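Novice: Supplied structure: query-v9.txt, compact mmCIF, C-alpha atoms.
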```txt
# COMPACT_ATOMS: atom_id res chain seq x y z
CA MET A 1 -27.52 -2.36 -25.65
CA LYS A 2 -29.40 0.80 -24.64
CA CYS A 3 -28.33 3.79 -22.57
CA ARG A 4 -29.86 3.53 -19.11
CA LYS A 5 -30.57 7.27 -19.04
CA CYS A 6 -32.14 7.94 -22.44
CA GLY A 7 -32.71 4.58 -24.16
CA GLU A 8 -30.55 5.51 -27.18
CA LYS A 9 -27.84 3.16 -28.41
CA ALA A 10 -25.13 2.79 -25.74
CA SER A 11 -21.44 3.47 -26.46
CA VAL A 12 -19.95 2.23 -23.18
CA ASN A 13 -20.94 -0.75 -21.05
CA MET A 14 -19.57 -1.05 -17.52
CA ARG A 15 -20.37 -4.56 -16.37
CA GLN A 16 -19.07 -3.91 -12.84
CA HIS A 17 -21.72 -1.21 -12.40
CA LYS A 18 -24.38 -2.92 -14.56
CA LEU A 19 -24.49 0.39 -16.40
CA ALA A 20 -24.52 1.16 -20.14
CA LEU A 21 -24.47 4.77 -21.38
CA CYS A 22 -24.60 6.62 -24.70
CA LYS A 23 -21.82 9.03 -25.65
CA GLU A 24 -23.60 12.11 -24.33
CA HIS A 25 -24.49 10.62 -20.97
CA TYR A 26 -21.12 8.90 -20.55
CA LEU A 27 -19.33 12.23 -21.04
CA GLU A 28 -21.53 13.71 -18.31
CA TRP A 29 -21.16 10.71 -15.99
CA VAL A 30 -17.32 10.64 -15.90
CA PRO A 31 -16.84 14.21 -14.55
CA GLU A 32 -19.75 13.72 -12.11
CA GLN A 33 -18.10 10.61 -10.71
CA THR A 34 -14.68 12.29 -10.61
CA GLU A 35 -16.14 15.15 -8.58
CA ARG A 36 -17.70 12.62 -6.24
CA PHE A 37 -14.32 10.90 -5.68
CA ILE A 38 -12.52 14.24 -5.20
CA GLU A 39 -15.01 15.11 -2.44
CA LYS A 40 -15.20 11.64 -0.90
CA TYR A 41 -11.43 11.36 -0.48
CA GLU A 42 -11.00 15.09 0.30
CA MET A 43 -8.46 15.54 -2.48
CA PHE A 44 -8.69 19.31 -3.02
CA SER A 45 -11.08 22.25 -3.22
CA HIS A 46 -11.89 24.76 -5.95
CA ASP A 47 -9.71 27.34 -4.15
CA GLU A 48 -6.54 25.27 -4.47
CA LYS A 49 -3.97 25.31 -7.28
CA ILE A 50 -3.49 21.92 -8.90
CA LEU A 51 -0.50 20.69 -10.89
CA VAL A 52 -1.44 17.82 -13.22
CA ALA A 53 1.39 15.51 -14.26
CA VAL A 54 0.82 15.12 -18.01
CA SER A 55 2.55 12.42 -20.03
CA GLY A 56 0.66 12.78 -23.32
CA GLY A 57 -1.18 9.53 -22.59
CA LYS A 58 -4.94 8.97 -22.36
CA ASP A 59 -5.23 9.04 -18.57
CA SER A 60 -3.34 12.24 -17.76
CA LEU A 61 -4.79 14.24 -20.65
CA SER A 62 -8.29 13.02 -19.76
CA LEU A 63 -7.71 13.97 -16.12
CA TRP A 64 -6.65 17.47 -17.14
CA ASP A 65 -9.68 17.73 -19.41
CA ILE A 66 -12.06 16.60 -16.63
CA LEU A 67 -10.60 18.96 -14.01
CA ILE A 68 -10.93 21.92 -16.39
CA ARG A 69 -14.50 20.92 -17.24
CA LEU A 70 -15.24 20.82 -13.51
CA GLY A 71 -13.88 24.36 -13.11
CA TYR A 72 -10.69 23.59 -11.16
CA GLN A 73 -7.50 25.68 -11.46
CA ALA A 74 -5.26 23.08 -13.05
CA ASP A 75 -1.93 23.63 -14.83
CA GLY A 76 0.09 20.86 -16.47
CA LEU A 77 3.61 19.56 -16.02
CA TYR A 78 5.29 17.61 -18.81
CA ILE A 79 8.59 15.87 -18.08
CA GLY A 80 10.68 15.20 -21.20
CA LEU A 81 12.47 11.91 -20.60
CA GLY A 82 14.41 11.81 -23.85
CA ILE A 83 13.10 8.39 -24.95
CA ASP A 84 13.34 7.87 -28.69
CA ALA A 85 13.60 4.12 -29.42
CA GLY A 86 13.12 4.76 -33.13
CA ILE A 87 9.59 6.14 -32.71
CA ASN A 88 10.39 9.58 -31.26
CA TYR A 89 8.38 8.54 -28.19
CA SER A 90 9.14 11.54 -25.97
CA GLY A 91 8.97 14.01 -28.86
CA GLU A 92 5.50 12.81 -29.83
CA SER A 93 4.28 12.75 -26.20
CA HIS A 94 5.48 16.33 -25.76
CA ARG A 95 3.77 17.42 -28.98
CA LEU A 96 0.43 15.96 -27.84
CA ALA A 97 0.66 17.50 -24.36
CA ASP A 98 1.49 20.86 -25.96
CA LYS A 99 -1.34 20.51 -28.46
CA PHE A 100 -3.89 19.86 -25.71
CA ALA A 101 -2.62 22.82 -23.66
CA ASN A 102 -2.71 25.18 -26.65
CA GLU A 103 -6.17 24.07 -27.78
CA HIS A 104 -7.59 24.70 -24.31
CA ASN A 105 -5.47 27.77 -23.55
CA LEU A 106 -3.85 26.11 -20.51
CA LYS A 107 -0.46 26.55 -18.90
CA LEU A 108 1.99 23.67 -19.40
CA HIS A 109 5.31 23.62 -17.54
CA VAL A 110 8.01 21.60 -19.29
CA VAL A 111 11.09 20.05 -17.71
CA ASP A 112 13.54 18.42 -20.09
CA ILE A 113 15.61 15.91 -18.14
CA GLU A 114 18.59 15.98 -20.51
CA LYS A 115 18.74 19.79 -20.56
CA GLU A 116 18.28 20.00 -16.80
CA TYR A 117 20.49 17.14 -15.65
CA GLY A 118 22.80 16.55 -18.63
CA GLN A 119 21.59 13.04 -19.55
CA PRO A 120 18.37 11.50 -20.86
CA ILE A 121 16.73 8.74 -18.80
CA SER A 122 18.23 5.83 -20.73
CA VAL A 123 21.81 7.16 -20.29
CA LEU A 124 21.17 8.11 -16.66
CA SER A 125 20.05 4.54 -16.05
CA GLU A 126 23.36 3.20 -17.42
CA THR A 127 25.66 5.70 -15.74
CA SER A 128 23.98 5.35 -12.34
CA HIS A 129 23.92 1.52 -12.54
CA ARG A 130 20.34 1.38 -11.27
CA GLY A 131 17.47 -0.70 -12.57
CA TYR A 132 19.25 -3.83 -13.81
CA GLY A 133 19.38 -2.75 -17.46
CA LYS A 134 15.87 -1.25 -17.53
CA PRO A 135 15.42 2.49 -16.98
CA CYS A 136 11.97 2.20 -15.31
CA ALA A 137 13.30 2.54 -11.74
CA VAL A 138 15.41 5.59 -12.67
CA CYS A 139 12.48 7.04 -14.60
CA GLY A 140 10.10 6.67 -11.64
CA LEU A 141 12.58 8.15 -9.16
CA THR A 142 13.36 11.08 -11.48
CA LYS A 143 9.70 11.85 -12.19
CA ARG A 144 8.78 11.79 -8.49
CA HIS A 145 11.69 14.12 -7.69
CA VAL A 146 10.89 16.60 -10.47
CA MET A 147 7.13 16.58 -9.86
CA ASN A 148 7.62 17.36 -6.20
CA ARG A 149 10.23 20.03 -6.91
CA ILE A 150 8.05 21.86 -9.42
CA ALA A 151 4.93 21.62 -7.24
CA ARG A 152 6.85 22.97 -4.26
CA ASP A 153 8.88 25.66 -6.07
CA LEU A 154 5.91 27.04 -8.01
CA GLY A 155 3.54 27.04 -5.05
CA TYR A 156 0.99 24.41 -6.09
CA ASP A 157 -1.21 23.00 -3.33
CA VAL A 158 -1.55 19.56 -4.81
CA LEU A 159 -0.06 17.28 -7.44
CA ALA A 160 -2.58 15.19 -9.43
CA THR A 161 -1.66 12.10 -11.45
CA GLY A 162 -3.78 10.10 -13.91
CA HIS A 163 -3.50 6.71 -12.21
CA ASN A 164 -6.60 4.64 -12.98
CA LEU A 165 -8.04 1.66 -11.14
CA ASP A 166 -6.09 -0.84 -13.24
CA ASP A 167 -2.84 0.94 -12.30
CA GLU A 168 -3.80 0.88 -8.64
CA ALA A 169 -5.02 -2.72 -8.68
CA ALA A 170 -1.82 -3.89 -10.40
CA VAL A 171 0.36 -2.16 -7.79
CA LEU A 172 -1.82 -3.55 -5.01
CA PHE A 173 -1.62 -7.03 -6.52
CA GLY A 174 2.19 -6.87 -6.68
CA ASN A 175 2.51 -5.53 -3.14
CA THR A 176 0.12 -8.17 -1.83
CA LEU A 177 2.02 -10.99 -3.53
CA SER A 178 5.17 -9.84 -1.76
CA TRP A 179 3.37 -8.63 1.41
CA SER A 180 5.11 -5.27 1.17
CA GLY A 181 3.56 -3.79 4.29
CA ASP A 182 5.14 -0.34 4.02
CA TYR A 183 3.94 0.12 0.46
CA LEU A 184 0.45 -1.20 1.28
CA LEU A 185 0.22 1.31 4.10
CA ARG A 186 1.00 4.20 1.76
CA GLN A 187 -1.18 3.23 -1.20
CA GLY A 188 -4.40 5.20 -1.59
CA PRO A 189 -6.23 7.96 -3.49
CA VAL A 190 -4.46 10.66 -1.42
CA LEU A 191 -0.93 10.87 -0.07
CA PRO A 192 -1.09 13.76 2.40
CA SER A 193 1.52 16.48 2.27
CA THR A 194 4.36 16.40 4.75
CA GLU A 195 7.11 18.94 5.23
CA GLY A 196 8.72 19.43 1.81
CA LEU A 197 6.46 16.92 0.05
CA ALA A 198 3.41 18.06 -1.93
CA ARG A 199 0.04 16.36 -1.44
CA LYS A 200 -0.47 13.76 -4.16
CA VAL A 201 -3.90 12.73 -5.42
CA LYS A 202 -5.32 10.26 -7.95
CA PRO A 203 -8.80 11.46 -8.97
CA LEU A 204 -9.22 8.67 -11.59
CA CYS A 205 -8.39 5.84 -9.19
CA ARG A 206 -11.88 4.31 -9.42
CA PHE A 207 -12.21 4.28 -13.20
CA TYR A 208 -11.17 1.22 -15.18
CA GLU A 209 -8.46 1.77 -17.78
CA ARG A 210 -10.99 0.80 -20.45
CA GLU A 211 -13.30 3.57 -19.26
CA MET A 212 -10.55 6.17 -19.53
CA THR A 213 -9.74 5.01 -23.06
CA ALA A 214 -13.44 5.37 -23.92
CA TYR A 215 -13.50 8.85 -22.38
CA ALA A 216 -10.45 10.03 -24.38
CA LEU A 217 -11.88 8.62 -27.62
CA LEU A 218 -15.35 10.05 -27.11
CA ARG A 219 -13.94 13.47 -26.16
CA GLY A 220 -11.70 13.42 -29.23
CA ILE A 221 -8.53 13.78 -27.15
CA GLU A 222 -5.48 12.92 -29.23
CA TYR A 223 -3.11 10.91 -27.04
CA ILE A 224 0.01 8.83 -27.55
CA TYR A 225 -1.18 5.33 -28.39
CA GLU A 226 2.24 3.74 -28.59
CA GLU A 227 3.39 2.06 -25.41
CA CYS A 228 6.60 3.32 -23.79
CA PRO A 229 9.26 1.12 -25.47
CA PHE A 230 10.71 0.24 -22.07
CA ALA A 231 7.35 -0.91 -20.65
CA GLU A 232 7.19 -3.92 -22.95
CA GLY A 233 7.19 -7.10 -20.87
CA SER A 234 6.95 -5.17 -17.61
CA THR A 235 5.59 -6.78 -14.46
CA SER A 236 2.85 -4.17 -14.08
CA ILE A 237 1.48 -4.95 -17.54
CA TYR A 238 1.57 -8.66 -16.74
CA TYR A 239 -0.38 -8.06 -13.52
CA LYS A 240 -2.93 -6.00 -15.44
CA GLU A 241 -3.44 -8.86 -17.89
CA VAL A 242 -3.90 -11.34 -15.06
CA LEU A 243 -6.43 -9.05 -13.36
CA ASN A 244 -8.29 -8.55 -16.65
CA GLN A 245 -8.62 -12.31 -17.01
CA LEU A 246 -10.16 -12.35 -13.54
CA GLU A 247 -12.44 -9.42 -14.44
CA ASN A 248 -13.57 -11.19 -17.57
CA ASP A 249 -14.78 -14.17 -15.54
CA ARG A 250 -15.98 -12.17 -12.52
CA PRO A 251 -17.14 -8.64 -13.48
CA GLY A 252 -16.27 -6.21 -10.72
CA ALA A 253 -13.34 -8.24 -9.36
CA LYS A 254 -10.79 -5.43 -9.88
CA LEU A 255 -13.01 -2.80 -8.31
CA THR A 256 -13.82 -5.00 -5.31
CA PHE A 257 -10.14 -5.87 -4.82
CA TYR A 258 -9.18 -2.18 -4.63
CA LEU A 259 -12.16 -0.87 -2.65
CA ARG A 260 -12.05 -3.64 -0.06
CA PHE A 261 -8.34 -2.93 0.38
CA LEU A 262 -9.06 0.76 1.04
CA GLU A 263 -11.72 -0.23 3.57
CA ALA A 264 -9.38 -2.69 5.27
CA ARG A 265 -6.63 -0.07 5.47
CA GLN A 266 -9.09 2.47 6.84
CA SER A 267 -10.14 0.05 9.55
CA GLY A 268 -6.53 -0.42 10.63
CA LEU A 269 -5.55 -3.70 9.02
CA PHE A 270 -2.15 -2.24 8.17
CA ALA A 271 -0.90 -0.65 11.36
CA GLU A 272 1.65 2.14 11.30
CA ARG A 273 5.04 0.95 12.51
CA ASN A 274 7.19 2.93 14.89
CA THR A 275 6.54 6.44 13.57
CA SER A 276 9.81 7.82 14.90
CA ALA A 277 11.58 5.59 12.38
CA LEU A 278 9.79 7.45 9.59
CA HIS A 279 11.22 10.86 10.48
CA LEU A 280 12.30 12.72 7.35
CA HIS A 281 15.40 14.90 6.92
CA PRO A 282 16.05 17.53 4.24
CA CYS A 283 18.50 16.35 1.56
CA THR A 284 21.81 18.18 2.01
CA ASN A 285 21.91 18.98 -1.74
CA CYS A 286 18.35 19.69 -2.97
CA GLY A 287 16.45 20.13 0.30
CA GLN A 288 13.71 17.59 -0.55
CA PRO A 289 12.79 15.25 2.34
CA THR A 290 14.59 11.94 2.60
CA SER A 291 14.36 9.12 5.12
CA ALA A 292 18.09 8.99 5.91
CA PRO A 293 20.40 11.91 6.76
CA GLY A 294 22.56 13.13 3.83
CA LEU A 295 21.63 12.96 0.18
CA CYS A 296 18.19 11.83 -1.07
CA SER A 297 17.90 8.86 -3.48
CA PHE A 298 17.74 11.15 -6.51
CA CYS A 299 20.85 13.16 -5.58
CA ARG A 300 22.73 9.95 -4.72
CA MET A 301 21.85 8.64 -8.16
CA MET A 302 23.03 11.86 -9.81
CA GLU A 303 26.30 11.74 -7.87
CA LYS A 304 26.86 8.16 -8.98
CA SER A 305 26.11 8.98 -12.61
CA LYS A 306 28.86 11.64 -12.59
CA SER A 307 31.56 9.50 -10.97
CA PRO A 308 33.96 7.54 -13.25
CA VAL A 309 33.20 3.82 -13.68
CA MET B 1 -5.42 -12.79 -46.73
CA THR B 2 -8.97 -12.13 -47.96
CA ARG B 3 -10.17 -14.40 -50.74
CA GLN B 4 -11.94 -12.86 -53.74
CA GLY B 5 -15.69 -12.71 -53.09
CA ALA B 6 -15.45 -14.24 -49.59
CA SER B 7 -17.58 -12.57 -46.93
CA LEU B 8 -15.52 -11.68 -43.92
CA VAL B 9 -15.16 -9.25 -41.04
CA LYS B 10 -11.75 -7.77 -40.40
CA LEU B 11 -10.50 -6.97 -36.89
CA ILE B 12 -7.34 -4.89 -36.48
CA LEU B 13 -5.35 -4.76 -33.25
CA ARG B 14 -2.16 -2.67 -33.40
CA ASN B 15 -0.34 -4.09 -36.45
CA LYS B 16 -2.16 -7.43 -36.48
CA GLU B 17 -5.18 -8.29 -38.63
CA PHE B 18 -7.72 -11.04 -37.94
CA GLU B 19 -10.67 -12.26 -39.99
CA VAL B 20 -13.89 -13.80 -38.72
CA LYS B 21 -17.18 -14.80 -40.32
CA PRO B 22 -19.96 -12.20 -40.42
CA GLY B 23 -23.06 -12.71 -38.31
CA MET B 24 -21.22 -13.17 -35.03
CA THR B 25 -21.36 -10.69 -32.17
CA LEU B 26 -18.30 -8.64 -31.30
CA LEU B 27 -17.97 -10.68 -28.09
CA SER B 28 -17.90 -14.00 -29.98
CA SER B 29 -15.45 -12.53 -32.49
CA LEU B 30 -13.08 -11.42 -29.72
CA GLN B 31 -13.30 -14.86 -28.12
CA LYS B 32 -12.56 -16.44 -31.48
CA ILE B 33 -9.33 -14.46 -31.88
CA ASN B 34 -8.39 -14.83 -28.18
CA VAL B 35 -8.61 -11.16 -27.24
CA LEU B 36 -10.01 -10.29 -23.82
CA PRO B 37 -12.92 -7.82 -24.19
CA GLU B 38 -11.67 -6.04 -21.07
CA SER B 39 -8.37 -5.21 -22.76
CA VAL B 40 -9.75 -3.36 -25.82
CA VAL B 41 -12.24 -0.74 -26.97
CA ALA B 42 -13.78 -1.54 -30.37
CA THR B 43 -14.65 1.03 -33.03
CA ARG B 44 -16.30 0.70 -36.44
CA ASP B 45 -16.35 3.69 -38.79
CA SER B 46 -14.91 5.68 -35.84
CA GLU B 47 -17.95 4.86 -33.67
CA MET B 48 -17.56 2.79 -30.51
CA ILE B 49 -19.43 -0.52 -30.56
CA LEU B 50 -20.34 -2.89 -27.73
CA GLU B 51 -20.02 -6.63 -27.23
CA ASP B 52 -23.57 -7.42 -28.40
CA GLU B 53 -23.05 -5.74 -31.81
CA ILE B 54 -23.53 -8.17 -34.68
CA LEU B 55 -20.71 -7.79 -37.20
CA LYS B 56 -21.68 -7.67 -40.86
CA ASP B 57 -19.97 -8.66 -44.08
CA GLY B 58 -17.24 -6.15 -44.92
CA ASP B 59 -17.07 -4.58 -41.46
CA VAL B 60 -13.65 -3.38 -40.39
CA VAL B 61 -13.36 -3.18 -36.61
CA LYS B 62 -10.45 -1.34 -35.04
CA LEU B 63 -9.52 -2.69 -31.62
CA ILE B 64 -7.83 -0.10 -29.43
CA ALA B 65 -5.61 -1.61 -26.74
CA VAL B 66 -6.29 -0.03 -23.37
CA ILE B 67 -3.42 -1.34 -21.23
CA SER B 68 -0.50 0.99 -20.65
CA GLY B 69 2.14 1.55 -18.06
CA GLY B 70 5.51 0.35 -17.01
```
Could you render the structure as structure tokens?
Specialist:
Amino acid sequence: MKCRKCGEKASVNMRQHKLALCKEHYLEWVPEQTERFIEKYEMFSHDEKILVAVSGGKDSLSLWDILIRLGYQADGLYIGLGIDAGINYSGESHRLADKFANEHNLKLHVVDIEKEYGQPISVLSETSHRGYGKPCAVCGLTKRHVMNRIARDLGYDVLATGHNLDDEAAVLFGNTLSWSGDYLLRQGPVLPSTEGLARKVKPLCRFYEREMTAYALLRGIEYIYEECPFAEGSTSIYYKEVLNQLENDRPGAKLTFYLRFLEARQSGLFAERNTSALHLHPCTNCGQPTSAPGLCSFCRMMEKSKSPV
Amino acid sequence: MTRQGASLVKLILRNKEFEVKPGMTLLSSLQKINVLPESVVATRDSEMILEDEILKDGDVVKLIAVISGG
């Protein structure tokens, strides 16, 4: 297979775009496309300060790399979850995030959950009795809380995450299967800022997961290859496998599924409910917005984790 | 296990090893071992290769799983 731009041997073939590119042209194409998506969805400008949530994985490190290559002001945030599972998972993720930051002379903020809140994620999951034996729900809630707190406290304009199209399509698939209207309404490349909540953006939302792996490999980015030990057998991975089977038989199926959803949402398919019901209140403990008066979900969880069983 | 003198191509995915006959394309080899092409990136001698690549005797192909998340 030949590169469409130069005719040399191609390294990446994207069947959904009918486009094959060599290493050199692929590494030019990815930032060009990212810039196009940033502008199309009005994510942020070159004057704004961006906080990139960095996990040590291929997507977030690639996102940070792309934003820096495009000349954006982007700092990183690593959240140490304290997951070991016999493979030093968090320790290795932290090392790789640090390594990338040091090699590129970038600023990386680090929040260690155990140091900050007294318990690592796995213990917090048990003591708070959330998540039915799996810490993923507690992990997600904690990460969202910390990311927003750091973005707000340190004066960042926008919080960027490395969600790719496969992540987005899997979430969309799950929410469609259960017709979760509220979640469908909120899913998109940009979640605008509201009082107390930072703007959240997903600049990689139109790249396939395979494309981001190819980008990380071709750029020589060292990332954590091991899967999070708690993600094994997760629903989101199952949905990704189902969607990949579909993609295999119908190239472009994942992209069409996501883009047609965005178009449908834009045209009003998912109407906003009574907006007064969505009024947010500041949490009485941490001040972050919450839908009900009193404590936010995170502070309620922390309260519960401290109370005797 | 590789037999002495047998001509084979080795494919490695995480801690699993598969063997296929040389002369097949990467795509046919992946189909043979029931791995979806969409779920991996293939490298040989640290270079990425595409589905139409014909695999030769003695090739060792590393398959890098792309799916992550929880």
Novice: Using only C-alpha atoms, which of the listed residues (B:Arg44, B:Lys10, B:Lys21, B:Lys56) sits closest to chain A?
Specialist: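 Closest to chain A, using only C-alpha atoms: B:Arg44.
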Novice: Every residue with an atom at most 12 Å from (-1.9, 17.3, -13.4) (file coordinates; all atoms listed in the file) is what I'm after, so could you write them as number ranges by chain?
Specialist: A: 49-56, 59-68, 72-79, 97, 101, 106-109, 147-148, 150-151, 156-163, 200-204
Novice: Identify which of the residues B:Leu11, B:Val60, B:Ser68, B:Ile54 lies closest to Val35 in chain B, counting all atoms listed in the file when measuring atom-to-atom distances.
Specialist: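 Checking each of B:Leu11, B:Val60, B:Ser68, B:Ile54 against Val35 in chain B, counting all atoms listed in the file, the winner is B:Leu11.
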Novice: Which residues of chain B are close to chain A, meaning at most 9 Å apart when you count only C-alpha atoms, and how do they look as a list in words?
Specialist: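 Filtering chain B at 9 Å from chain A with only C-alpha atoms gives Leu36, Pro37, Glu38, Ser39, Val40, Val41, Glu47, Met48, Ile49, Leu50, Glu51, Asp52, Glu53, Ile64, Ala65, Val66, Ile67, Ser68, Gly69 and Gly70 of chain B.
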Novice: Give as a list in words each residue that has an atom at most 12 Å from (16.5, 10.0, -0.6) in the file, counting all atoms listed in the file.
Specialist: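 In the file's frame, the residues around the point are Leu141, Thr142, Arg144, His145, Leu280, His281, Pro282, Cys283, Thr284, Asn285, Cys286, Gly287, Gln288, Pro289, Thr290, Ser291, Ala292, Pro293, Gly294, Leu295, Cys296, Ser297, Phe298, Cys299, Arg300, Met301 and Met302 of chain A.
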Novice: Can you tell me, as a list in words, what residues are no more than 10 Å from Lys304 in chain A when counting all atoms listed in the file, ignoring any on the same chain fewer than 5 positions away?
Specialist: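 Skipping anything fewer than 5 positions along the chain leaves Leu124, Thr127, Ser128, His129, Arg130, Phe298, Cys299 and Val309 of chain A.
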Novice: Quick one: of B:Ile33, B:Ala42, B:Ser28, B:Pro22, who's nearest to Leu55 in chain B, counting all atoms listed in the file?
Specialist: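 For Leu55 in chain B, the nearest of the candidates is B:Pro22.
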Novice: Need the axis-aligned box for range 142-148 of chain A with 5 Å each side, so what are the centre and edges in Å to one decimal, as lines of an AutoDock Vina configuration file?
Specialist:
```
center_x = 10.2
center_y = 14.2
center_z = -9.2
size_x = 16.2
size_y = 16.3
size_z = 16.0
```
Novice: May I ask for the distance between CA of Ser122 in chain A and CA of Leu96 in chain A, given in Å to one decimal place?
Specialist: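 Between CA of Ser122 in chain A and CA of Leu96 in chain A the gap works out to 21.7 Å.
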Novice: Pick out the closest residue to Arg152 in chain A from this set: A:Gly91, A:Gly196, A:Gly7, A:Gly86. Count all atoms listed in the file.
Specialist: A:Gly196
Novice: May I ask for the distance between CA of Leu21 in chain A and CA of Arg4 in chain A, given in Å to one decimal place?
Specialist: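 The value is 6.0 Å.
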Novice: So the first atom is CA of Ile83 in chain A and the second is CA of Ser125 in chain A; what is the distance between them in Å, to one decimal place?
Specialist: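 Atom-to-atom, CA of Ile83 in chain A and CA of Ser125 in chain A are spaced 11.9 Å apart.
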